[in-house]
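Enquirer: coords.pdb is reproduced below (PDB, C-alpha atoms and all ligand atoms).
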```
ATOM      1  CA  MET A  35      78.501  20.935  29.972  1.00  0.00           C
ATOM      2  CA  PHE A  36      80.556  21.863  26.911  1.00  0.00           C
ATOM      3  CA  ALA A  37      82.985  24.073  28.762  1.00  0.00           C
ATOM      4  CA  SER A  38      85.564  25.812  26.621  1.00  0.00           C
ATOM      5  CA  SER A  39      88.528  25.229  28.933  1.00  0.00           C
ATOM      6  CA  ALA A  40      90.750  22.170  28.572  1.00  0.00           C
ATOM      7  CA  LEU A  41      89.778  21.040  32.052  1.00  0.00           C
ATOM      8  CA  GLY A  42      86.111  21.303  31.168  1.00  0.00           C
ATOM      9  CA  VAL A  43      86.638  18.995  28.207  1.00  0.00           C
ATOM     10  CA  ALA A  44      88.553  16.514  30.343  1.00  0.00           C
ATOM     11  CA  LEU A  45      85.738  16.401  32.880  1.00  0.00           C
ATOM     12  CA  ALA A  46      82.880  16.253  30.388  1.00  0.00           C
ATOM     13  CA  GLN A  47      80.430  13.569  31.444  1.00  0.00           C
ATOM     14  CA  ASP A  48      78.618  10.954  29.464  1.00  0.00           C
ATOM     15  CA  GLU A  49      75.696   9.041  30.858  1.00  0.00           C
ATOM     16  CA  LEU A  50      75.523   5.366  30.001  1.00  0.00           C
ATOM     17  CA  ARG A  51      72.690   2.967  30.619  1.00  0.00           C
ATOM     18  CA  VAL A  52      72.744  -0.658  31.717  1.00  0.00           C
ATOM     19  CA  GLU A  53      69.480  -2.556  31.798  1.00  0.00           C
ATOM     20  CA  ALA A  54      68.841  -4.963  34.642  1.00  0.00           C
ATOM     21  CA  GLN A  55      66.695  -7.586  32.954  1.00  0.00           C
ATOM     22  CA  ASP A  56      65.346 -10.933  34.216  1.00  0.00           C
ATOM     23  CA  ASN A  57      68.030 -12.108  34.850  1.00  0.00           C
ATOM     24  CA  ALA A  58      71.017 -10.469  33.225  1.00  0.00           C
ATOM     25  CA  PHE A  59      72.643  -7.079  32.857  1.00  0.00           C
ATOM     26  CA  LEU A  60      72.554  -5.697  29.308  1.00  0.00           C
ATOM     27  CA  PRO A  61      75.202  -5.003  28.255  1.00  0.00           C
ATOM     28  CA  ASP A  62      77.039  -7.122  30.803  1.00  0.00           C
ATOM     29  CA  THR A  63      80.348  -5.445  29.963  1.00  0.00           C
ATOM     30  CA  ILE A  64      80.534  -1.721  29.368  1.00  0.00           C
ATOM     31  CA  SER A  65      83.492   0.608  28.768  1.00  0.00           C
ATOM     32  CA  VAL A  66      83.315   4.126  30.155  1.00  0.00           C
ATOM     33  CA  ASN A  67      85.691   7.028  30.703  1.00  0.00           C
ATOM     34  CA  ALA A  68      86.637   8.313  34.127  1.00  0.00           C
ATOM     35  CA  GLY A  69      83.971  10.789  35.199  1.00  0.00           C
ATOM     36  CA  ASP A  70      81.173   8.991  33.366  1.00  0.00           C
ATOM     37  CA  THR A  71      77.926   8.077  35.097  1.00  0.00           C
ATOM     38  CA  VAL A  72      76.319   4.685  34.595  1.00  0.00           C
ATOM     39  CA  VAL A  73      72.581   4.358  35.166  1.00  0.00           C
ATOM     40  CA  PHE A  74      71.234   0.929  36.070  1.00  0.00           C
ATOM     41  CA  ASP A  75      67.636   0.633  34.945  1.00  0.00           C
ATOM     42  CA  ASN A  76      65.512  -2.278  36.118  1.00  0.00           C
ATOM     43  CA  THR A  77      63.541  -3.117  32.991  1.00  0.00           C
ATOM     44  CA  GLY A  78      62.586  -6.567  34.217  1.00  0.00           C
ATOM     45  CA  ASP A  79      59.540  -7.830  36.093  1.00  0.00           C
ATOM     46  CA  LEU A  80      61.575  -8.884  39.107  1.00  0.00           C
ATOM     47  CA  PRO A  81      63.465  -6.841  41.682  1.00  0.00           C
ATOM     48  CA  HIS A  82      67.219  -6.654  41.133  1.00  0.00           C
ATOM     49  CA  THR A  83      70.266  -5.013  42.638  1.00  0.00           C
ATOM     50  CA  ALA A  84      73.525  -3.731  41.204  1.00  0.00           C
ATOM     51  CA  GLU A  85      76.400  -3.801  43.643  1.00  0.00           C
ATOM     52  CA  ALA A  86      80.163  -3.664  43.260  1.00  0.00           C
ATOM     53  CA  SER A  87      81.985  -6.850  44.157  1.00  0.00           C
ATOM     54  CA  ASP A  88      84.400  -4.742  46.216  1.00  0.00           C
ATOM     55  CA  GLY A  89      81.506  -3.150  48.105  1.00  0.00           C
ATOM     56  CA  SER A  90      82.275   0.400  46.907  1.00  0.00           C
ATOM     57  CA  TRP A  91      78.661   0.983  45.807  1.00  0.00           C
ATOM     58  CA  ASP A  92      75.344  -0.791  46.127  1.00  0.00           C
ATOM     59  CA  SER A  93      71.972   0.086  44.650  1.00  0.00           C
ATOM     60  CA  GLY A  94      70.052  -1.828  47.267  1.00  0.00           C
ATOM     61  CA  ASN A  95      66.748  -3.274  46.105  1.00  0.00           C
ATOM     62  CA  MET A  96      65.553  -1.951  42.739  1.00  0.00           C
ATOM     63  CA  ASP A  97      61.940  -2.728  41.981  1.00  0.00           C
ATOM     64  CA  PRO A  98      60.851  -2.879  38.324  1.00  0.00           C
ATOM     65  CA  GLY A  99      61.165   0.584  36.779  1.00  0.00           C
ATOM     66  CA  GLN A 100      63.590   1.901  39.379  1.00  0.00           C
ATOM     67  CA  THR A 101      67.030   3.217  38.479  1.00  0.00           C
ATOM     68  CA  PHE A 102      70.326   3.670  40.275  1.00  0.00           C
ATOM     69  CA  SER A 103      73.302   5.659  39.046  1.00  0.00           C
ATOM     70  CA  VAL A 104      77.002   5.516  39.862  1.00  0.00           C
ATOM     71  CA  THR A 105      79.745   7.905  38.721  1.00  0.00           C
ATOM     72  CA  PHE A 106      83.156   6.341  38.131  1.00  0.00           C
ATOM     73  CA  GLU A 107      86.065   8.658  38.877  1.00  0.00           C
ATOM     74  CA  GLU A 108      88.913   6.140  39.103  1.00  0.00           C
ATOM     75  CA  PRO A 109      90.246   4.199  36.092  1.00  0.00           C
ATOM     76  CA  GLY A 110      90.120   0.437  36.546  1.00  0.00           C
ATOM     77  CA  THR A 111      87.858  -2.576  36.181  1.00  0.00           C
ATOM     78  CA  VAL A 112      84.831  -2.933  38.426  1.00  0.00           C
ATOM     79  CA  ASP A 113      82.927  -6.211  38.690  1.00  0.00           C
ATOM     80  CA  TYR A 114      79.382  -6.058  39.969  1.00  0.00           C
ATOM     81  CA  ILE A 115      76.515  -8.427  40.673  1.00  0.00           C
ATOM     82  CA  CYS A 116      72.817  -8.649  41.282  1.00  0.00           C
ATOM     83  CA  ALA A 117      72.592  -9.935  44.844  1.00  0.00           C
ATOM     84  CA  TYR A 118      69.419 -11.907  44.033  1.00  0.00           C
ATOM     85  CA  HIS A 119      70.594 -13.522  40.809  1.00  0.00           C
ATOM     86  CA  GLU A 120      74.388 -13.778  41.019  1.00  0.00           C
ATOM     87  CA  VAL A 121      73.914 -17.551  41.317  1.00  0.00           C
ATOM     88  CA  VAL A 122      72.288 -17.648  37.863  1.00  0.00           C
ATOM     89  CA  GLY A 123      74.985 -15.495  36.319  1.00  0.00           C
ATOM     90  CA  MET A 124      73.531 -11.999  36.665  1.00  0.00           C
ATOM     91  CA  VAL A 125      76.903 -10.291  36.873  1.00  0.00           C
ATOM     92  CA  GLY A 126      78.631  -7.530  34.927  1.00  0.00           C
ATOM     93  CA  THR A 127      81.846  -5.619  34.426  1.00  0.00           C
ATOM     94  CA  ILE A 128      82.532  -1.919  34.008  1.00  0.00           C
ATOM     95  CA  GLU A 129      85.857  -0.931  32.486  1.00  0.00           C
ATOM     96  CA  VAL A 130      86.798   2.627  33.404  1.00  0.00           C
ATOM     97  CA  ALA A 131      89.403   4.164  31.100  1.00  0.00           C
ATOM     98  CA  GLY A 132      91.453   7.208  32.005  1.00  0.00           C
ATOM     99  CA  SER A 133      90.169  10.410  30.469  1.00  0.00           C
ATOM    100  CA  ALA A 134      91.654  11.084  27.028  1.00  0.00           C
ATOM    101  CA  GLY A 135      91.401  14.789  27.744  1.00  0.00           C
ATOM    102  CA  SER A 136      93.662  14.647  30.790  1.00  0.00           C
ATOM    103  CA  GLU A 137      96.207  12.551  28.872  1.00  0.00           C
ATOM    104  CA  GLU A 138      96.368  15.252  26.210  1.00  0.00           C
ATOM    105  CA  ILE A 139      96.975  17.889  28.853  1.00  0.00           C
ATOM    106  CA  VAL A 140      99.863  15.873  30.306  1.00  0.00           C
ATOM    107  CA  ALA A 141     101.378  15.300  26.856  1.00  0.00           C
ATOM    108  CA  ALA A 142     101.083  18.981  25.953  1.00  0.00           C
ATOM    109  CA  SER A 143     102.729  20.197  29.148  1.00  0.00           C
ATOM    110  CA  SER A 144     105.612  17.720  28.781  1.00  0.00           C
ATOM    111  CA  GLU A 145     106.450  19.226  25.374  1.00  0.00           C
ATOM    112  CA  GLU A 146     106.816  22.737  26.706  1.00  0.00           C
ATOM    113  CA  GLY A 147     110.258  24.217  27.372  1.00  0.00           C
ATOM    114  CA  PRO A 148     113.645  23.672  25.760  1.00  0.00           C
ATOM    115  CA  ILE A 149     112.497  21.047  23.219  1.00  0.00           C
ATOM    116  CA  HIS A 150     111.231  23.733  20.831  1.00  0.00           C
ATOM    117  CA  LEU A 151     114.228  26.048  21.462  1.00  0.00           C
ATOM    118  CA  GLY A 152     116.820  23.348  20.745  1.00  0.00           C
ATOM    119  CA  PRO A 153     116.692  23.261  16.911  1.00  0.00           C
ATOM    120  CA  THR A 154     116.523  27.059  16.707  1.00  0.00           C
ATOM    121  CA  VAL A 155     119.562  27.505  18.935  1.00  0.00           C
ATOM    122  CA  LEU A 156     121.510  24.829  17.051  1.00  0.00           C
ATOM    123  CA  ALA A 157     120.644  26.418  13.702  1.00  0.00           C
ATOM    124  CA  ALA A 158     121.775  29.831  14.927  1.00  0.00           C
ATOM    125  CA  ILE A 159     125.046  28.375  16.191  1.00  0.00           C
ATOM    126  CA  GLY A 160     125.523  26.558  12.894  1.00  0.00           C
ATOM    127  CA  VAL A 161     124.994  29.751  10.864  1.00  0.00           C
ATOM    128  CA  LEU A 162     127.437  31.691  13.049  1.00  0.00           C
ATOM    129  CA  LEU A 163     130.014  28.888  12.805  1.00  0.00           C
ATOM    130  CA  GLY A 164     129.569  28.733   9.034  1.00  0.00           C
ATOM    131  CA  ILE A 165     130.090  32.478   8.645  1.00  0.00           C
ATOM    132  CA  ALA A 166     133.153  32.313  10.908  1.00  0.00           C
ATOM    133  CA  LEU A 167     134.649  29.366   9.002  1.00  0.00           C
ATOM    134  CA  VAL A 168     133.964  30.854   5.603  1.00  0.00           C
ATOM    135  CA  GLY A 169     135.426  34.142   6.740  1.00  0.00           C
ATOM    136  CA  ALA A 170     138.498  32.455   8.230  1.00  0.00           C
ATOM    137  CA  GLY A 171     138.945  30.290   5.132  1.00  0.00           C
ATOM    138  CA  LEU A 172     138.608  33.095   2.609  1.00  0.00           C
ATOM    139  CA  LYS A 173     140.703  35.731   4.274  1.00  0.00           C
ATOM    140  CA  PRO A 174     144.140  34.060   3.994  1.00  0.00           C
ATOM    141  CA  ARG A 175     143.606  33.211   0.320  1.00  0.00           C
ATOM    142  CA  SER A 176     142.201  36.579  -0.727  1.00  0.00           C
ATOM    143  CA  SER A 177     144.755  38.664   1.058  1.00  0.00           C
TER     144      SER A 177
HETATM  145 CU    CU B   1      68.625  -9.738  39.557  1.00  0.00          CU
END
```
I'd like the structure from this file rewritten - as structure tokens, please.

Expert:
Amino acid sequence: MFASSALGVALAQDELRVEAQDNAFLPDTISVNAGDTVVFDNTGDLPHTAEASDGSWDSGNMDPGQTFSVTFEEPGTVDYICAYHEVVGMVGTIEVAGSAGSEEIVAASSEEGPIHLGPTVLAAIGVLLGIALVGAGLKPRSS
């Protein structure tokens, strides 16, 4: 899991738990990173479900003690409900953030190239120009 490559870090997974209680999700709002897996755990005495409002995933019936897990690959906000108890407010939200690791990779690659060469080249040109000017300025007066 703790791969040494940059890509391995970017794809490292965390597992987060949401309890389906009677009758609310706890926590009802959770922030995860892209690639994280959320486990819904029915800790109540009643059956519950956890299903995305957009229909992208659905636990189906979860009896007490059953779990259901979903891995979120795409950044964005996902609303979900318990089909049995949506009417009494058993709803939740999962906020999926982009992976910080992949952002670092993009930033690093955008800094490669002529940005680091620029100051060095300018300094070299400046030194050469200075030598040339000093030489040109001194010669007429000293000769
Ligand atoms: Cu429920």

Enquirer: What separation in Å, quoted to one decimal, exists between CA of Gly99 in chain A and CA of Asn76 in chain A?

Expert: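 So the two atoms, CA of Gly99 in chain A and CA of Asn76 in chain A, lie 5.2 Å apart.
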
Enquirer: Could you list, as a PyMOL selection string, all residues that come within 7 Å of ligand CU 1 (chain B)? Count all atoms listed in the file.

Expert: chain A and resi 54+56-58+81-83+116-119+124

Enquirer: Using the file's own x, y and z axes, what box holds all listed atoms of range 87-102 of chain A with 5 Å on each side, keeping edges along x, y and z, and what are its centre and edge lengths in Å to one decimal, as JSON?

Expert:
```
{"center_x": 72.6, "center_y": -1.6, "center_z": 42.4, "size_x": 33.5, "size_y": 20.5, "size_z": 21.3}
```

Enquirer: Can you list, as a list in words, the residues that the PyMOL selection byres (((chain A and resi 49) around 10) and not hetatm) selects here?

Expert: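 With the shown file as input, the PyMOL selection byres (((chain A and resi 49) around 10) and not hetatm) matches Gln47, Asp48, Leu50, Arg51, Val66, Gly69, Asp70, Thr71, Val72, Val73, Ser103, Val104 and Thr105 of chain A.
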
Enquirer: Name the closest residue to Gly126 in chain A among the candidates A:Ala166, A:Leu80, A:Val112, A:Ala68; distances are taken between atoms, counting all atoms listed in the file.

Expert: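 Among A:Ala166, A:Leu80, A:Val112, A:Ala68, it is A:Val112 that comes nearest to Gly126 in chain A.
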
Enquirer: Extract, using all atoms listed in the file, all DNA, RNA and protein residues at most 10 Å from Thr77 in chain A, discarding same-chain residues fewer than 6 positions from it, and format them as an MDAnalysis selection string.

Expert: chainID A and resid 52:56 59 97:101

Enquirer: Record the distance separating CA of Val125 in chain A and CA of Gly94 in chain A, expressed in Å with one decimal.

Expert: 15.1 Å

Enquirer: Considering only C-alpha atoms, state which residue in the set A:Gly110, A:Asn67, A:Met96, A:Val168 is at the smallest distance from Asp79 in chain A.

Expert: A:Met96

Enquirer: So how far away is CA of Val130 in chain A from CA of Phe106 in chain A, in Å?

Expert: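 These atoms are spaced 7.0 Å apart.
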
Enquirer: Could you complete range 85-109 of chain A so that it carries N, CA and C atoms, and give it back as a PDB file, keeping the file's coordinate frame?

Expert:
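This went into out26.pdb:
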```
ATOM      1  N   GLU A  85      75.450  -4.175  42.596  1.00  0.00           N
ATOM      2  CA  GLU A  85      76.400  -3.801  43.643  1.00  0.00           C
ATOM      3  C   GLU A  85      77.795  -4.260  43.275  1.00  0.00           C
ATOM      4  N   ALA A  86      78.768  -3.376  43.582  1.00  0.00           N
ATOM      5  CA  ALA A  86      80.163  -3.664  43.260  1.00  0.00           C
ATOM      6  C   ALA A  86      80.648  -4.841  44.088  1.00  0.00           C
ATOM      7  N   SER A  87      81.442  -5.700  43.446  1.00  0.00           N
ATOM      8  CA  SER A  87      81.985  -6.850  44.157  1.00  0.00           C
ATOM      9  C   SER A  87      82.904  -6.408  45.297  1.00  0.00           C
ATOM     10  N   ASP A  88      83.517  -5.229  45.150  1.00  0.00           N
ATOM     11  CA  ASP A  88      84.400  -4.742  46.216  1.00  0.00           C
ATOM     12  C   ASP A  88      83.642  -3.914  47.255  1.00  0.00           C
ATOM     13  N   GLY A  89      82.321  -3.827  47.102  1.00  0.00           N
ATOM     14  CA  GLY A  89      81.506  -3.150  48.105  1.00  0.00           C
ATOM     15  C   GLY A  89      81.529  -1.633  48.023  1.00  0.00           C
ATOM     16  N   SER A  90      82.126  -1.052  46.961  1.00  0.00           N
ATOM     17  CA  SER A  90      82.275   0.400  46.907  1.00  0.00           C
ATOM     18  C   SER A  90      80.952   1.109  46.608  1.00  0.00           C
ATOM     19  N   TRP A  91      79.992   0.406  46.025  1.00  0.00           N
ATOM     20  CA  TRP A  91      78.661   0.983  45.807  1.00  0.00           C
ATOM     21  C   TRP A  91      77.647  -0.137  45.743  1.00  0.00           C
ATOM     22  N   ASP A  92      76.403   0.225  46.042  1.00  0.00           N
ATOM     23  CA  ASP A  92      75.344  -0.791  46.127  1.00  0.00           C
ATOM     24  C   ASP A  92      74.008  -0.087  45.920  1.00  0.00           C
ATOM     25  N   SER A  93      73.256  -0.557  44.934  1.00  0.00           N
ATOM     26  CA  SER A  93      71.972   0.086  44.650  1.00  0.00           C
ATOM     27  C   SER A  93      70.937  -0.226  45.728  1.00  0.00           C
ATOM     28  N   GLY A  94      71.148  -1.325  46.448  1.00  0.00           N
ATOM     29  CA  GLY A  94      70.052  -1.828  47.267  1.00  0.00           C
ATOM     30  C   GLY A  94      68.973  -2.392  46.347  1.00  0.00           C
ATOM     31  N   ASN A  95      67.823  -2.689  46.906  1.00  0.00           N
ATOM     32  CA  ASN A  95      66.748  -3.274  46.105  1.00  0.00           C
ATOM     33  C   ASN A  95      66.239  -2.283  45.060  1.00  0.00           C
ATOM     34  N   MET A  96      66.171  -2.749  43.806  1.00  0.00           N
ATOM     35  CA  MET A  96      65.553  -1.951  42.739  1.00  0.00           C
ATOM     36  C   MET A  96      64.314  -2.696  42.265  1.00  0.00           C
ATOM     37  N   ASP A  97      63.159  -2.136  42.517  1.00  0.00           N
ATOM     38  CA  ASP A  97      61.940  -2.728  41.981  1.00  0.00           C
ATOM     39  C   ASP A  97      61.860  -2.432  40.490  1.00  0.00           C
ATOM     40  N   PRO A  98      60.995  -3.149  39.762  1.00  0.00           N
ATOM     41  CA  PRO A  98      60.851  -2.879  38.324  1.00  0.00           C
ATOM     42  C   PRO A  98      60.584  -1.395  38.074  1.00  0.00           C
ATOM     43  N   GLY A  99      61.337  -0.815  37.122  1.00  0.00           N
ATOM     44  CA  GLY A  99      61.165   0.584  36.779  1.00  0.00           C
ATOM     45  C   GLY A  99      62.073   1.525  37.549  1.00  0.00           C
ATOM     46  N   GLN A 100      62.702   1.024  38.610  1.00  0.00           N
ATOM     47  CA  GLN A 100      63.590   1.901  39.379  1.00  0.00           C
ATOM     48  C   GLN A 100      64.973   1.945  38.746  1.00  0.00           C
ATOM     49  N   THR A 101      65.677   3.046  39.005  1.00  0.00           N
ATOM     50  CA  THR A 101      67.030   3.217  38.479  1.00  0.00           C
ATOM     51  C   THR A 101      67.980   3.543  39.618  1.00  0.00           C
ATOM     52  N   PHE A 102      69.259   3.352  39.324  1.00  0.00           N
ATOM     53  CA  PHE A 102      70.326   3.670  40.275  1.00  0.00           C
ATOM     54  C   PHE A 102      71.531   4.094  39.455  1.00  0.00           C
ATOM     55  N   SER A 103      72.171   5.190  39.845  1.00  0.00           N
ATOM     56  CA  SER A 103      73.302   5.659  39.046  1.00  0.00           C
ATOM     57  C   SER A 103      74.574   5.746  39.888  1.00  0.00           C
ATOM     58  N   VAL A 104      75.687   5.471  39.226  1.00  0.00           N
ATOM     59  CA  VAL A 104      77.002   5.516  39.862  1.00  0.00           C
ATOM     60  C   VAL A 104      77.939   6.288  38.936  1.00  0.00           C
ATOM     61  N   THR A 105      78.726   7.193  39.498  1.00  0.00           N
ATOM     62  CA  THR A 105      79.745   7.905  38.721  1.00  0.00           C
ATOM     63  C   THR A 105      81.113   7.311  39.039  1.00  0.00           C
ATOM     64  N   PHE A 106      81.858   6.997  37.972  1.00  0.00           N
ATOM     65  CA  PHE A 106      83.156   6.341  38.131  1.00  0.00           C
ATOM     66  C   PHE A 106      84.270   7.356  37.904  1.00  0.00           C
ATOM     67  N   GLU A 107      84.999   7.656  38.955  1.00  0.00           N
ATOM     68  CA  GLU A 107      86.065   8.658  38.877  1.00  0.00           C
ATOM     69  C   GLU A 107      87.435   8.018  38.663  1.00  0.00           C
ATOM     70  N   GLU A 108      87.600   6.773  39.130  1.00  0.00           N
ATOM     71  CA  GLU A 108      88.913   6.140  39.103  1.00  0.00           C
ATOM     72  C   GLU A 108      89.006   5.135  37.957  1.00  0.00           C
ATOM     73  N   PRO A 109      90.047   5.227  37.121  1.00  0.00           N
ATOM     74  CA  PRO A 109      90.246   4.199  36.092  1.00  0.00           C
ATOM     75  C   PRO A 109      90.440   2.828  36.727  1.00  0.00           C
TER      76      PRO A 109
END
```
